[in-house]
Each structure stands twice: as C-alpha cells, then as structure tokens.
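Listing of structure25.cif, mmCIF, C-alpha atoms, pLDDT in the B column; chains and numbers go by the auth columns
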data_protein
loop_
_atom_site.group_PDB
_atom_site.id
_atom_site.type_symbol
_atom_site.label_atom_id
_atom_site.label_comp_id
_atom_site.label_asym_id
_atom_site.label_seq_id
_atom_site.Cartn_x
_atom_site.Cartn_y
_atom_site.Cartn_z
_atom_site.B_iso_or_equiv
_atom_site.auth_seq_id
_atom_site.auth_asym_id
ATOM 1 C CA MET A 1 -42.386 3.760 45.057 54.00 1 A
ATOM 2 C CA ILE A 2 -42.845 0.885 47.522 58.00 2 A
ATOM 3 C CA ARG A 3 -44.596 1.729 50.749 59.00 3 A
ATOM 4 C CA GLU A 4 -43.261 -0.529 53.469 63.00 4 A
ATOM 5 C CA PRO A 5 -45.330 -0.401 56.684 62.00 5 A
ATOM 6 C CA LYS A 6 -42.268 -1.199 58.794 60.00 6 A
ATOM 7 C CA ASN A 7 -40.490 1.897 57.472 66.00 7 A
ATOM 8 C CA GLN A 8 -43.337 4.428 57.457 70.00 8 A
ATOM 9 C CA SER A 9 -43.476 6.987 60.231 78.00 9 A
ATOM 10 C CA ALA A 10 -46.638 8.633 61.514 80.00 10 A
ATOM 11 C CA ASN A 11 -45.642 11.714 59.499 81.00 11 A
ATOM 12 C CA ASP A 12 -45.338 9.596 56.339 75.00 12 A
ATOM 13 C CA LEU A 13 -48.828 8.191 56.802 77.00 13 A
ATOM 14 C CA ALA A 14 -50.267 11.628 57.477 81.00 14 A
ATOM 15 C CA GLN A 15 -48.596 12.973 54.341 82.00 15 A
ATOM 16 C CA PHE A 16 -50.050 10.181 52.184 80.00 16 A
ATOM 17 C CA GLU A 17 -53.517 11.068 53.460 87.00 17 A
ATOM 18 C CA LEU A 18 -52.934 14.779 52.940 90.00 18 A
ATOM 19 C CA VAL A 19 -51.864 14.214 49.309 86.00 19 A
ATOM 20 C CA GLU A 20 -55.241 12.662 48.556 89.00 20 A
ATOM 21 C CA GLN A 21 -57.110 15.467 50.313 91.00 21 A
ATOM 22 C CA VAL A 22 -55.185 18.204 48.495 91.00 22 A
ATOM 23 C CA PHE A 23 -55.520 16.483 45.115 90.00 23 A
ATOM 24 C CA LEU A 24 -59.249 15.810 45.425 90.00 24 A
ATOM 25 C CA GLY A 25 -59.947 19.303 46.744 91.00 25 A
ATOM 26 C CA SER A 26 -57.791 21.192 44.265 93.00 26 A
ATOM 27 C CA ALA A 27 -59.205 23.574 41.680 93.00 27 A
ATOM 28 C CA GLY A 28 -59.155 22.767 37.975 93.00 28 A
ATOM 29 C CA THR A 29 -60.212 19.793 35.921 94.00 29 A
ATOM 30 C CA LEU A 30 -58.793 16.339 36.545 90.00 30 A
ATOM 31 C CA ALA A 31 -56.640 16.780 33.421 92.00 31 A
ATOM 32 C CA ASP A 32 -55.355 20.101 34.808 93.00 32 A
ATOM 33 C CA ARG A 33 -54.366 18.415 38.056 92.00 33 A
ATOM 34 C CA VAL A 34 -52.615 15.521 36.314 91.00 34 A
ATOM 35 C CA ASP A 35 -50.614 17.900 34.106 93.00 35 A
ATOM 36 C CA GLY A 36 -49.705 19.868 37.226 92.00 36 A
ATOM 37 C CA PHE A 37 -48.305 16.746 38.919 91.00 37 A
ATOM 38 C CA PRO A 38 -45.414 18.495 40.769 92.00 38 A
ATOM 39 C CA LYS A 39 -48.073 20.269 42.847 91.00 39 A
ATOM 40 C CA PHE A 40 -49.086 16.945 44.383 91.00 40 A
ATOM 41 C CA ALA A 41 -46.281 14.428 43.851 91.00 41 A
ATOM 42 C CA SER A 42 -43.921 13.720 46.737 89.00 42 A
ATOM 43 C CA ARG A 43 -40.295 14.779 46.551 90.00 43 A
ATOM 44 C CA GLN A 44 -39.401 11.061 46.516 88.00 44 A
ATOM 45 C CA ALA A 45 -41.577 10.443 43.462 91.00 45 A
ATOM 46 C CA ILE A 46 -40.080 13.423 41.621 94.00 46 A
ATOM 47 C CA ALA A 47 -36.581 12.269 42.583 94.00 47 A
ATOM 48 C CA LYS A 48 -37.341 8.842 41.092 94.00 48 A
ATOM 49 C CA PHE A 49 -38.654 10.490 37.912 96.00 49 A
ATOM 50 C CA LEU A 50 -35.486 12.592 37.579 96.00 50 A
ATOM 51 C CA ALA A 51 -33.291 9.533 38.154 96.00 51 A
ATOM 52 C CA ARG A 52 -35.096 7.685 35.357 97.00 52 A
ATOM 53 C CA TYR A 53 -34.575 10.712 33.118 97.00 53 A
ATOM 54 C CA GLU A 54 -30.832 10.661 33.807 97.00 54 A
ATOM 55 C CA ILE A 55 -30.733 6.908 33.118 98.00 55 A
ATOM 56 C CA PHE A 56 -32.585 7.375 29.842 98.00 56 A
ATOM 57 C CA LYS A 57 -30.080 10.014 28.710 98.00 57 A
ATOM 58 C CA LYS A 58 -27.304 7.462 29.182 98.00 58 A
ATOM 59 C CA VAL A 59 -28.917 4.961 26.799 98.00 59 A
ATOM 60 C CA LEU A 60 -30.201 7.488 24.256 98.00 60 A
ATOM 61 C CA PRO A 61 -27.204 6.886 21.932 98.00 61 A
ATOM 62 C CA VAL A 62 -27.249 3.096 22.537 98.00 62 A
ATOM 63 C CA ASN A 63 -29.200 0.895 20.164 98.00 63 A
ATOM 64 C CA GLY A 64 -31.684 -1.481 21.724 98.00 64 A
ATOM 65 C CA SER A 65 -34.991 -1.734 23.539 98.00 65 A
ATOM 66 C CA ILE A 66 -35.828 -0.955 27.150 98.00 66 A
ATOM 67 C CA VAL A 67 -36.843 -3.912 29.313 98.00 67 A
ATOM 68 C CA GLU A 68 -38.512 -3.192 32.633 98.00 68 A
ATOM 69 C CA CYS A 69 -38.893 -6.154 34.973 98.00 69 A
ATOM 70 C CA GLY A 70 -41.613 -5.244 37.436 97.00 70 A
ATOM 71 C CA VAL A 71 -44.231 -2.802 36.143 97.00 71 A
ATOM 72 C CA LEU A 72 -46.293 -2.259 39.326 95.00 72 A
ATOM 73 C CA HIS A 73 -48.571 0.676 38.346 96.00 73 A
ATOM 74 C CA GLY A 74 -46.777 1.580 35.097 97.00 74 A
ATOM 75 C CA ALA A 75 -45.117 4.852 36.124 96.00 75 A
ATOM 76 C CA GLY A 76 -41.586 3.763 35.174 97.00 76 A
ATOM 77 C CA LEU A 77 -42.668 2.044 31.982 98.00 77 A
ATOM 78 C CA LEU A 78 -44.552 5.088 30.726 98.00 78 A
ATOM 79 C CA THR A 79 -41.765 7.430 31.829 98.00 79 A
ATOM 80 C CA PHE A 80 -39.315 5.658 29.530 98.00 80 A
ATOM 81 C CA ALA A 81 -41.871 5.440 26.717 98.00 81 A
ATOM 82 C CA LYS A 82 -42.634 9.154 26.878 98.00 82 A
ATOM 83 C CA LEU A 83 -38.983 10.146 27.153 98.00 83 A
ATOM 84 C CA SER A 84 -38.314 8.122 24.010 98.00 84 A
ATOM 85 C CA ALA A 85 -41.217 9.813 22.230 97.00 85 A
ATOM 86 C CA ILE A 86 -39.860 13.232 23.238 97.00 86 A
ATOM 87 C CA PHE A 87 -36.137 12.800 22.581 98.00 87 A
ATOM 88 C CA GLU A 88 -36.134 10.322 19.678 98.00 88 A
ATOM 89 C CA PRO A 89 -39.580 10.555 18.041 97.00 89 A
ATOM 90 C CA ALA A 90 -38.502 8.696 14.904 96.00 90 A
ATOM 91 C CA ASN A 91 -36.925 5.734 16.723 97.00 91 A
ATOM 92 C CA HIS A 92 -39.697 3.212 16.209 97.00 92 A
ATOM 93 C CA VAL A 93 -37.381 0.213 16.702 97.00 93 A
ATOM 94 C CA ARG A 94 -36.731 0.995 20.372 98.00 94 A
ATOM 95 C CA LYS A 95 -39.517 -0.817 22.203 98.00 95 A
ATOM 96 C CA VAL A 96 -40.365 -0.422 25.877 98.00 96 A
ATOM 97 C CA ILE A 97 -41.192 -3.896 27.182 98.00 97 A
ATOM 98 C CA GLY A 98 -42.721 -4.453 30.608 98.00 98 A
ATOM 99 C CA PHE A 99 -42.741 -7.824 32.365 98.00 99 A
ATOM 100 C CA ASP A 100 -45.045 -8.407 35.319 98.00 100 A
ATOM 101 C CA THR A 101 -47.444 -11.013 36.686 97.00 101 A
ATOM 102 C CA PHE A 102 -49.963 -8.198 37.279 96.00 102 A
ATOM 103 C CA GLU A 103 -51.021 -10.351 40.234 95.00 103 A
ATOM 104 C CA GLY A 104 -48.149 -9.743 42.652 93.00 104 A
ATOM 105 C CA PHE A 105 -45.407 -12.168 43.638 92.00 105 A
ATOM 106 C CA PRO A 106 -45.953 -15.653 42.136 90.00 106 A
ATOM 107 C CA SER A 107 -43.806 -17.191 44.887 89.00 107 A
ATOM 108 C CA VAL A 108 -41.075 -16.243 47.348 89.00 108 A
ATOM 109 C CA HIS A 109 -37.736 -18.099 47.535 91.00 109 A
ATOM 110 C CA GLU A 110 -35.904 -18.835 50.770 90.00 110 A
ATOM 111 C CA ARG A 111 -33.084 -16.594 49.546 90.00 111 A
ATOM 112 C CA ASP A 112 -35.554 -13.736 49.843 86.00 112 A
ATOM 113 C CA THR A 113 -36.946 -14.570 53.268 87.00 113 A
ATOM 114 C CA SER A 114 -33.574 -15.522 54.776 87.00 114 A
ATOM 115 C CA GLY A 115 -32.566 -12.153 56.156 84.00 115 A
ATOM 116 C CA GLY A 116 -35.261 -10.227 54.262 79.00 116 A
ATOM 117 C CA THR A 117 -37.437 -7.898 56.329 82.00 117 A
ATOM 118 C CA SER A 118 -40.219 -6.891 53.909 83.00 118 A
ATOM 119 C CA SER A 119 -43.860 -7.170 54.931 80.00 119 A
ATOM 120 C CA HIS A 120 -44.747 -8.162 51.352 85.00 120 A
ATOM 121 C CA PHE A 121 -43.257 -11.683 51.304 80.00 121 A
ATOM 122 C CA ALA A 122 -46.285 -13.756 50.296 87.00 122 A
ATOM 123 C CA ARG A 123 -47.926 -15.026 47.156 85.00 123 A
ATOM 124 C CA GLY A 124 -49.684 -12.006 45.660 86.00 124 A
ATOM 125 C CA GLY A 125 -47.455 -9.575 47.540 83.00 125 A
ATOM 126 C CA LEU A 126 -46.915 -6.128 46.041 83.00 126 A
ATOM 127 C CA THR A 127 -49.748 -6.452 43.531 90.00 127 A
ATOM 128 C CA GLY A 128 -49.819 -3.361 41.348 94.00 128 A
ATOM 129 C CA SER A 129 -52.357 -2.251 38.762 95.00 129 A
ATOM 130 C CA PRO A 130 -54.181 -4.830 36.632 96.00 130 A
ATOM 131 C CA LEU A 131 -52.895 -5.434 33.117 97.00 131 A
ATOM 132 C CA GLU A 132 -55.991 -3.785 31.652 98.00 132 A
ATOM 133 C CA ASP A 133 -55.346 -0.629 33.666 98.00 133 A
ATOM 134 C CA VAL A 134 -51.755 -0.283 32.420 98.00 134 A
ATOM 135 C CA GLN A 135 -52.863 -1.127 28.872 98.00 135 A
ATOM 136 C CA ARG A 136 -55.317 1.773 28.984 98.00 136 A
ATOM 137 C CA ALA A 137 -52.434 4.051 29.989 98.00 137 A
ATOM 138 C CA VAL A 138 -50.495 2.752 26.978 98.00 138 A
ATOM 139 C CA GLU A 139 -53.466 3.568 24.742 97.00 139 A
ATOM 140 C CA LEU A 140 -53.507 7.078 26.186 97.00 140 A
ATOM 141 C CA PHE A 141 -49.793 7.375 25.401 97.00 141 A
ATOM 142 C CA ASP A 142 -50.394 6.157 21.836 97.00 142 A
ATOM 143 C CA ALA A 143 -52.993 8.900 21.329 96.00 143 A
ATOM 144 C CA ASN A 144 -50.274 11.542 21.609 94.00 144 A
ATOM 145 C CA ARG A 145 -47.037 10.370 19.993 94.00 145 A
ATOM 146 C CA PRO A 146 -45.306 10.287 16.610 93.00 146 A
ATOM 147 C CA ILE A 147 -45.483 7.154 14.440 95.00 147 A
ATOM 148 C CA ALA A 148 -48.347 5.946 16.620 95.00 148 A
ATOM 149 C CA HIS A 149 -49.362 3.217 14.150 95.00 149 A
ATOM 150 C CA ILE A 150 -46.245 1.221 15.137 97.00 150 A
ATOM 151 C CA PRO A 151 -46.537 -0.202 18.683 97.00 151 A
ATOM 152 C CA LYS A 152 -44.008 1.206 21.137 98.00 152 A
ATOM 153 C CA VAL A 153 -44.927 -0.431 24.439 98.00 153 A
ATOM 154 C CA GLU A 154 -45.350 -4.157 25.013 98.00 154 A
ATOM 155 C CA LEU A 155 -46.755 -5.727 28.175 98.00 155 A
ATOM 156 C CA VAL A 156 -45.835 -9.319 28.982 98.00 156 A
ATOM 157 C CA ARG A 157 -47.950 -10.981 31.669 98.00 157 A
ATOM 158 C CA GLY A 158 -46.829 -13.954 33.725 97.00 158 A
ATOM 159 C CA ASP A 159 -43.980 -15.330 35.807 97.00 159 A
ATOM 160 C CA LEU A 160 -40.822 -13.726 34.400 98.00 160 A
ATOM 161 C CA CYS A 161 -38.882 -16.952 34.956 98.00 161 A
ATOM 162 C CA VAL A 162 -41.069 -18.409 32.195 98.00 162 A
ATOM 163 C CA THR A 163 -42.026 -15.392 30.081 98.00 163 A
ATOM 164 C CA ALA A 164 -38.534 -13.870 29.664 98.00 164 A
ATOM 165 C CA PRO A 165 -36.958 -16.859 27.857 98.00 165 A
ATOM 166 C CA GLU A 166 -40.204 -17.352 25.913 98.00 166 A
ATOM 167 C CA TYR A 167 -40.088 -13.730 24.769 98.00 167 A
ATOM 168 C CA LEU A 168 -36.484 -14.036 23.641 98.00 168 A
ATOM 169 C CA ARG A 169 -37.240 -17.175 21.655 98.00 169 A
ATOM 170 C CA ALA A 170 -40.111 -15.365 19.928 98.00 170 A
ATOM 171 C CA ASN A 171 -37.992 -12.228 19.356 98.00 171 A
ATOM 172 C CA PRO A 172 -34.461 -13.369 18.431 98.00 172 A
ATOM 173 C CA HIS A 173 -33.697 -9.894 17.077 98.00 173 A
ATOM 174 C CA LEU A 174 -33.889 -8.356 20.566 98.00 174 A
ATOM 175 C CA VAL A 175 -31.081 -6.030 21.647 98.00 175 A
ATOM 176 C CA VAL A 176 -31.415 -4.488 25.123 98.00 176 A
ATOM 177 C CA SER A 177 -30.052 -1.021 25.845 98.00 177 A
ATOM 178 C CA LEU A 178 -31.590 -0.719 29.312 98.00 178 A
ATOM 179 C CA LEU A 179 -32.530 -3.468 31.761 98.00 179 A
ATOM 180 C CA TYR A 180 -34.492 -2.114 34.723 98.00 180 A
ATOM 181 C CA LEU A 181 -34.695 -4.640 37.565 98.00 181 A
ATOM 182 C CA ASP A 182 -37.571 -4.002 39.944 97.00 182 A
ATOM 183 C CA VAL A 183 -39.046 -7.443 40.655 96.00 183 A
ATOM 184 C CA ASP A 184 -37.631 -7.406 44.206 93.00 184 A
ATOM 185 C CA LEU A 185 -37.117 -11.183 44.385 95.00 185 A
ATOM 186 C CA TYR A 186 -34.244 -13.597 43.824 96.00 186 A
ATOM 187 C CA GLU A 187 -35.648 -15.969 41.187 97.00 187 A
ATOM 188 C CA PRO A 188 -37.090 -13.465 38.663 97.00 188 A
ATOM 189 C CA THR A 189 -34.070 -11.170 39.064 98.00 189 A
ATOM 190 C CA LYS A 190 -31.738 -14.052 38.270 98.00 190 A
ATOM 191 C CA ALA A 191 -33.889 -15.113 35.299 98.00 191 A
ATOM 192 C CA ALA A 192 -33.889 -11.555 33.925 98.00 192 A
ATOM 193 C CA LEU A 193 -30.111 -11.263 34.190 98.00 193 A
ATOM 194 C CA GLU A 194 -29.466 -14.665 32.612 98.00 194 A
ATOM 195 C CA THR A 195 -31.902 -13.963 29.768 98.00 195 A
ATOM 196 C CA PHE A 196 -31.250 -10.350 28.858 98.00 196 A
ATOM 197 C CA VAL A 197 -27.656 -9.463 29.794 98.00 197 A
ATOM 198 C CA PRO A 198 -26.255 -11.574 26.905 98.00 198 A
ATOM 199 C CA ARG A 199 -28.315 -9.323 24.591 98.00 199 A
ATOM 200 C CA MET A 200 -26.837 -6.085 25.964 98.00 200 A
ATOM 201 C CA PRO A 201 -24.039 -4.261 24.076 98.00 201 A
ATOM 202 C CA LYS A 202 -21.269 -2.193 25.611 98.00 202 A
ATOM 203 C CA GLY A 203 -22.682 1.078 26.884 98.00 203 A
ATOM 204 C CA ALA A 204 -26.005 -0.491 27.855 98.00 204 A
ATOM 205 C CA VAL A 205 -27.246 0.093 31.388 98.00 205 A
ATOM 206 C CA ILE A 206 -28.563 -2.212 34.105 98.00 206 A
ATOM 207 C CA VAL A 207 -30.626 -0.515 36.798 98.00 207 A
ATOM 208 C CA PHE A 208 -31.073 -2.067 40.245 98.00 208 A
ATOM 209 C CA ASP A 209 -33.953 -0.960 42.435 95.00 209 A
ATOM 210 C CA GLU A 210 -33.261 -3.045 45.557 94.00 210 A
ATOM 211 C CA LEU A 211 -29.521 -3.613 45.568 96.00 211 A
ATOM 212 C CA ASN A 212 -28.060 -3.439 49.083 95.00 212 A
ATOM 213 C CA ALA A 213 -31.614 -3.329 50.495 92.00 213 A
ATOM 214 C CA LYS A 214 -32.175 -5.459 53.589 92.00 214 A
ATOM 215 C CA MET A 215 -35.915 -5.635 52.880 91.00 215 A
ATOM 216 C CA PHE A 216 -35.288 -7.505 49.616 93.00 216 A
ATOM 217 C CA PRO A 217 -31.925 -9.336 49.775 95.00 217 A
ATOM 218 C CA GLY A 218 -32.763 -11.615 46.826 95.00 218 A
ATOM 219 C CA GLU A 219 -31.830 -8.993 44.242 96.00 219 A
ATOM 220 C CA THR A 220 -28.319 -8.587 45.623 97.00 220 A
ATOM 221 C CA VAL A 221 -27.845 -12.365 45.856 97.00 221 A
ATOM 222 C CA ALA A 222 -28.971 -12.859 42.243 98.00 222 A
ATOM 223 C CA VAL A 223 -26.756 -10.064 40.910 98.00 223 A
ATOM 224 C CA ASP A 224 -23.743 -11.452 42.725 98.00 224 A
ATOM 225 C CA GLU A 225 -24.373 -14.987 41.484 98.00 225 A
ATOM 226 C CA VAL A 226 -24.890 -14.034 37.825 98.00 226 A
ATOM 227 C CA LEU A 227 -22.600 -11.037 37.336 98.00 227 A
ATOM 228 C CA GLY A 228 -20.390 -10.851 40.408 98.00 228 A
ATOM 229 C CA LEU A 229 -20.605 -7.638 42.394 97.00 229 A
ATOM 230 C CA LYS A 230 -16.821 -7.191 42.276 97.00 230 A
ATOM 231 C CA ASN A 231 -17.009 -7.114 38.473 97.00 231 A
ATOM 232 C CA LEU A 232 -19.356 -4.126 38.406 97.00 232 A
ATOM 233 C CA ARG A 233 -18.874 -0.408 38.915 98.00 233 A
ATOM 234 C CA ILE A 234 -22.165 0.347 40.647 98.00 234 A
ATOM 235 C CA GLU A 235 -23.170 3.999 40.738 97.00 235 A
ATOM 236 C CA ARG A 236 -26.109 5.806 42.247 96.00 236 A
ATOM 237 C CA PHE A 237 -27.911 9.135 42.430 93.00 237 A
ATOM 238 C CA PRO A 238 -27.711 11.004 45.750 92.00 238 A
ATOM 239 C CA SER A 239 -31.388 11.981 45.474 90.00 239 A
ATOM 240 C CA ASP A 240 -32.710 8.387 45.442 91.00 240 A
ATOM 241 C CA SER A 241 -31.811 5.956 48.195 87.00 241 A
ATOM 242 C CA TYR A 242 -32.717 2.772 46.305 89.00 242 A
ATOM 243 C CA LEU A 243 -31.888 3.169 42.630 95.00 243 A
ATOM 244 C CA SER A 244 -28.383 2.281 41.442 97.00 244 A
ATOM 245 C CA TYR A 245 -26.958 1.287 38.075 98.00 245 A
ATOM 246 C CA CYS A 246 -23.982 0.060 36.120 98.00 246 A
ATOM 247 C CA VAL A 247 -22.885 0.773 32.562 98.00 247 A
ATOM 248 C CA LEU A 248 -21.623 -2.265 30.681 97.00 248 A
#
As a first step, turn the structure in this file into structure tokens.
Amino acid sequence: MIREPKNQSANDLAQFELVEQVFLGSAGTLADRVDGFPKFASRQAIAKFLARYEIFKKVLPVNGSIVECGVLHGAGLLTFAKLSAIFEPANHVRKVIGFDTFEGFPSVHERDTSGGTSSHFARGGLTGSPLEDVQRAVELFDANRPIAHIPKVELVRGDLCVTAPEYLRANPHLVVSLLYLDVDLYEPTKAALETFVPRMPKGAVIVFDELNAKMFPGETVAVDEVLGLKNLRIERFPSDSYLSYCVL
C-alpha cells in the first residue's frame, strides 16, 4: 500500500505509529505475531489481500504464470505464490515472476508529471525492499511448500522496459494468466502491456493498481494507448479504491 504524504491525515499518521507500538508491545513470539497478522494489519491492507485472493480465484483454471510488475516489499508477490501453493500444490509450471528495479523509479516521463500529483516523482522514488530482502522471503516460502525443489518464484531486477523483453526472449514458452501492473509510471506500464499481453489467453486477467488515479496518470495513459480503454470492461472491488481489473 502506497503512503502518499499529500493524502495522509493526522489520524492516518497517528494510526501508523500506533500499529508499530501495538505490534512491538504485543505478547507472544515474533512468529506468533506474524501468524496473527489480522490483529495488527490495517483494514486497507486486509482489503488488498482479499482482493488479490479474489483475483487469484479467477485465474486458477487458466493456464499460465503470474507476472507482477512492481514488487515493492513483496507482499503481493508472496500472496500469489502462497495462494498457488495452497490451491494448486501440484502446479509446478505456474511461476510467479516479479519485476522491479529494487532501487525505486529509474526515471519519470513527462506523461507522468503532466497532471500527476504524487510526491514520489523522482529517480529512486518509491524504493521498496532490497532484492536480497525479498529473496529471503522467497526462501522462507520455499521452506514450507510442496514440490519445493522446483523454483516457484522468480525475481527479475532492473528497468522493466529492458528486462521484460529480455525475459520473454529467454523464455519463449511463457504464457501469462495474470498480469499485475503496479509500476505506477507510463513507460514501464506500456512496456509490460506490449510485452506480456500478446502472451495472455482468453480468460487471463490484467490488474491495474493506479488506473483513474490522479497521483499516477501514466498508467491510464499507457493502458489507453496500448489497449484502448473503450475496448475493456474494467471492473473493481468496492473494498479497494485503487485496484481494478479486466478479464480478456
């Protein structure tokens, strides 16, 4: 979940601080507290988790891997990986592939800043967790899943405009059942759509995290240029104000 200073109220900031106090002061081991995540997680975070669960159910019968563009701290990536391990433990051909610079925005196009209101528009903006941090979370996931000797999660570091076409050239077998767009910016969103949509069968799902968001107009511009908004039936979940999706 993106925290945008321009949109945070005093109550929001106080709640963020209180979460840390309650979590650090809570009884039980650290593992107990992590497993009891609803005790501490915000309603927005749980709503996002439930939305991802509903999205995953839509692609469960669709062949293909899950491609997440924009990993940030790894919560979405590992949500999809764990849902796959729970609901289709034998499906070792469905990979969960995360693309990120792991160093924040590589650059910002004028189509983002023209009309965009985010405070994060700068090189290095919205830097999430380091690659090594997310990789450790993947190793933790691998310690508790079926068919763990076959890799499930792949992390691809670098500018998506370069790494996405490189990945496809190296993996010509790739079929994509779910494309999750959360890079916020015009250029990588457009590159992701141009690279991966041709590899998506009917019934596959594209998820948009910043469509119709004034903070990050580049996503909407890229979607309209590549796919045409009028060609899409865009749906959403009432519990999450940002996430929307279309079924091909």
Practice problem: Give as a list of chain:residue names the residues that the PyMOL selection byres ((chain A and resi 181-196) around 6) matches when applied to the coordinates above. | Solution: A:Cys69, A:Gly70, A:Leu160, A:Cys161, A:Tyr180, A:Val197, A:Pro198, A:Arg199, A:Val207, A:Phe208, A:Asp209, A:Phe216, A:Gly218, A:Glu219, A:Ala222
Quiz item: For Asp240 of chain A, which residue out of A:Ala45, A:Val162, A:Val205, A:Val156 is the nearest one, using only C-alpha atoms?
Solution: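 Going through A:Ala45, A:Val162, A:Val205, A:Val156 one by one, the smallest distance to Asp240 of chain A is for A:Ala45.
Interatomic distance, atom CA of Leu179 of chain A to atom CA of Gly228 of chain A: 16.6 Å.
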Exercise. Using the chain letters and numbering of this document, enumerate as a list of chain:residue names the residues selected by the PyMOL selection byres ((chain A and resi 76) around 10).
Key: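 Checking the PyMOL selection byres ((chain A and resi 76) around 10) against this file, the residues are A:Met1, A:Lys48, A:Phe49, A:Arg52, A:Glu68, A:Gly70, A:Val71, A:Leu72, A:His73, A:Gly74, A:Ala75, A:Leu77, A:Leu78, A:Thr79, A:Phe80, A:Ala81, A:Lys82, A:Gly98, A:Tyr180, A:Asp182.
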To verify the selection step, state as an mmCIF file with C-alpha atoms, in the coordinates of the input which residues the PyMOL selection byres ((chain A and resi 91-97) around 6) yields on this input.
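And here is the file that came out, part.cif:
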data_model
loop_
_atom_site.group_PDB
_atom_site.id
_atom_site.type_symbol
_atom_site.label_atom_id
_atom_site.label_comp_id
_atom_site.auth_asym_id
_atom_site.auth_seq_id
_atom_site.Cartn_x
_atom_site.Cartn_y
_atom_site.Cartn_z
ATOM 1 C CA GLY A 64 -31.684 -1.481 21.724
ATOM 2 C CA SER A 65 -34.991 -1.734 23.539
ATOM 3 C CA ILE A 66 -35.828 -0.955 27.150
ATOM 4 C CA VAL A 67 -36.843 -3.912 29.313
ATOM 5 C CA GLU A 88 -36.134 10.322 19.678
ATOM 6 C CA PRO A 89 -39.580 10.555 18.041
ATOM 7 C CA ALA A 90 -38.502 8.696 14.904
ATOM 8 C CA GLY A 98 -42.721 -4.453 30.608
ATOM 9 C CA LYS A 152 -44.008 1.206 21.137
ATOM 10 C CA VAL A 153 -44.927 -0.431 24.439
ATOM 11 C CA GLU A 154 -45.350 -4.157 25.013
ATOM 12 C CA LEU A 155 -46.755 -5.727 28.175
#
Self-check item: Test item: which residues lie within 12 Å of (-31.2, 9.2, 41.0) counting all atoms listed in the file, as an NGL selection string
Solution: :A and (44-56 or 207-209 or 235-245)
Quiz item: For the atom pair atom CA of Thr29 of chain A and atom CA of Ala85 of chain A, what is the interatomic distance in Å to one decimal place?
Solution: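 Value for the atom CA of Thr29 of chain A-atom CA of Ala85 of chain A distance: 25.5 Å.
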Practice problem: Figure out the distance between atom CA of Phe102 of chain A and atom CA of Glu132 of chain A, please, to one decimal in Å. | Solution: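 It comes out at 9.4 Å.
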Need to verify the contact set: Gly116 of chain A, 10 Å, only C-alpha atoms, exclusion of same-chain residues closer than 6 positions in sequence. Can you return it as a PDB file with C-alpha atoms, keeping the file's coordinate frame?
ATOM      1  CA  GLU A 110     -35.904 -18.835  50.770  1.00 90.00           C
ATOM      2  CA  ALA A 213     -31.614  -3.329  50.495  1.00 92.00           C
ATOM      3  CA  LYS A 214     -32.175  -5.459  53.589  1.00 92.00           C
ATOM      4  CA  MET A 215     -35.915  -5.635  52.880  1.00 91.00           C
ATOM      5  CA  PHE A 216     -35.288  -7.505  49.616  1.00 93.00           C
ATOM      6  CA  PRO A 217     -31.925  -9.336  49.775  1.00 95.00           C
ATOM      7  CA  GLY A 218     -32.763 -11.615  46.826  1.00 95.00           C
TER       8      GLY A 218
END
Quiz item: Using only C-alpha atoms, which of the listed residues (A:Leu83, A:Ile150, A:Ala14, A:Val221) sits closest to Gly115 of chain A?
Solution: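 The closest residue to Gly115 of chain A is A:Val221.
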So for segment 165-170 of chain A, what box centre and size do we get, axis-aligned, 3 Å extra on each of the six sides, every listed atom, Å to one decimal, as AutoDock Vina command-line options?
--center_x -38.3 --center_y -15.5 --center_z 23.9 --size_x 9.7 --size_y 9.6 --size_z 13.9
Quiz prompt | Option closest in space to Ser84 of chain A, from A:Lys202, A:Arg33, A:Lys57, A:Arg43 [counting all atoms listed in the file] | solution =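 Ranking A:Lys202, A:Arg33, A:Lys57, A:Arg43 by distance to Ser84 of chain A, first place goes to A:Lys57.
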Taking 5 positions as the minimum chain separation for residues in the same chain, which residues sit within 7 Å of Thr101 of chain A when counting all atoms listed in the file? Answer as a short mmCIF file (atom, residue, chain, number, x, y, z; two decimals) with C-alpha atoms, keeping the file's coordinate frame.
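Once written, result12.cif looks like this:
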data_model
loop_
_atom_site.label_atom_id
_atom_site.label_comp_id
_atom_site.auth_asym_id
_atom_site.auth_seq_id
_atom_site.Cartn_x
_atom_site.Cartn_y
_atom_site.Cartn_z
CA ARG A 157 -47.95 -10.98 31.67
CA GLY A 158 -46.83 -13.95 33.72
CA ASP A 159 -43.98 -15.33 35.81
#
Quiz item: Given the choices A:Arg111, A:Lys39, A:Arg233, A:Arg136, which gets closest to Val247 of chain A if the distance is worked out from all atoms listed in the file?
Solution: A:Arg233
Can you fill out segment 233-243 of chain A with N, CA and C atoms and hand it back as an mmCIF file, in the frame of the given file?
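Output below, filename result27.cif:
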data_model
loop_
_atom_site.group_PDB
_atom_site.id
_atom_site.type_symbol
_atom_site.label_atom_id
_atom_site.label_comp_id
_atom_site.auth_asym_id
_atom_site.auth_seq_id
_atom_site.Cartn_x
_atom_site.Cartn_y
_atom_site.Cartn_z
ATOM 1 N N ARG A 233 -19.002 -1.751 38.326
ATOM 2 C CA ARG A 233 -18.874 -0.408 38.915
ATOM 3 C C ARG A 233 -20.300 0.091 39.125
ATOM 4 N N ILE A 234 -20.772 0.022 40.344
ATOM 5 C CA ILE A 234 -22.165 0.347 40.647
ATOM 6 C C ILE A 234 -22.239 1.789 41.131
ATOM 7 N N GLU A 235 -23.017 2.583 40.429
ATOM 8 C CA GLU A 235 -23.170 3.999 40.738
ATOM 9 C C GLU A 235 -24.595 4.283 41.185
ATOM 10 N N ARG A 236 -24.790 5.450 41.757
ATOM 11 C CA ARG A 236 -26.109 5.806 42.247
ATOM 12 C C ARG A 236 -26.320 7.304 42.149
ATOM 13 N N PHE A 237 -27.571 7.714 42.398
ATOM 14 C CA PHE A 237 -27.911 9.135 42.430
ATOM 15 C C PHE A 237 -28.132 9.539 43.890
ATOM 16 N N PRO A 238 -27.560 10.623 44.344
ATOM 17 C CA PRO A 238 -27.711 11.004 45.750
ATOM 18 C C PRO A 238 -29.143 11.326 46.145
ATOM 19 N N SER A 239 -30.006 11.605 45.164
ATOM 20 C CA SER A 239 -31.388 11.981 45.474
ATOM 21 C C SER A 239 -32.310 10.787 45.682
ATOM 22 N N ASP A 240 -31.854 9.569 45.325
ATOM 23 C CA ASP A 240 -32.710 8.387 45.442
ATOM 24 C C ASP A 240 -31.964 7.310 46.210
ATOM 25 N N SER A 241 -32.536 6.868 47.314
ATOM 26 C CA SER A 241 -31.811 5.956 48.195
ATOM 27 C C SER A 241 -31.774 4.523 47.683
ATOM 28 N N TYR A 242 -32.661 4.158 46.765
ATOM 29 C CA TYR A 242 -32.717 2.772 46.305
ATOM 30 C C TYR A 242 -32.040 2.554 44.959
ATOM 31 N N LEU A 243 -32.312 3.406 44.008
ATOM 32 C CA LEU A 243 -31.888 3.169 42.630
ATOM 33 C C LEU A 243 -30.371 3.273 42.486
#
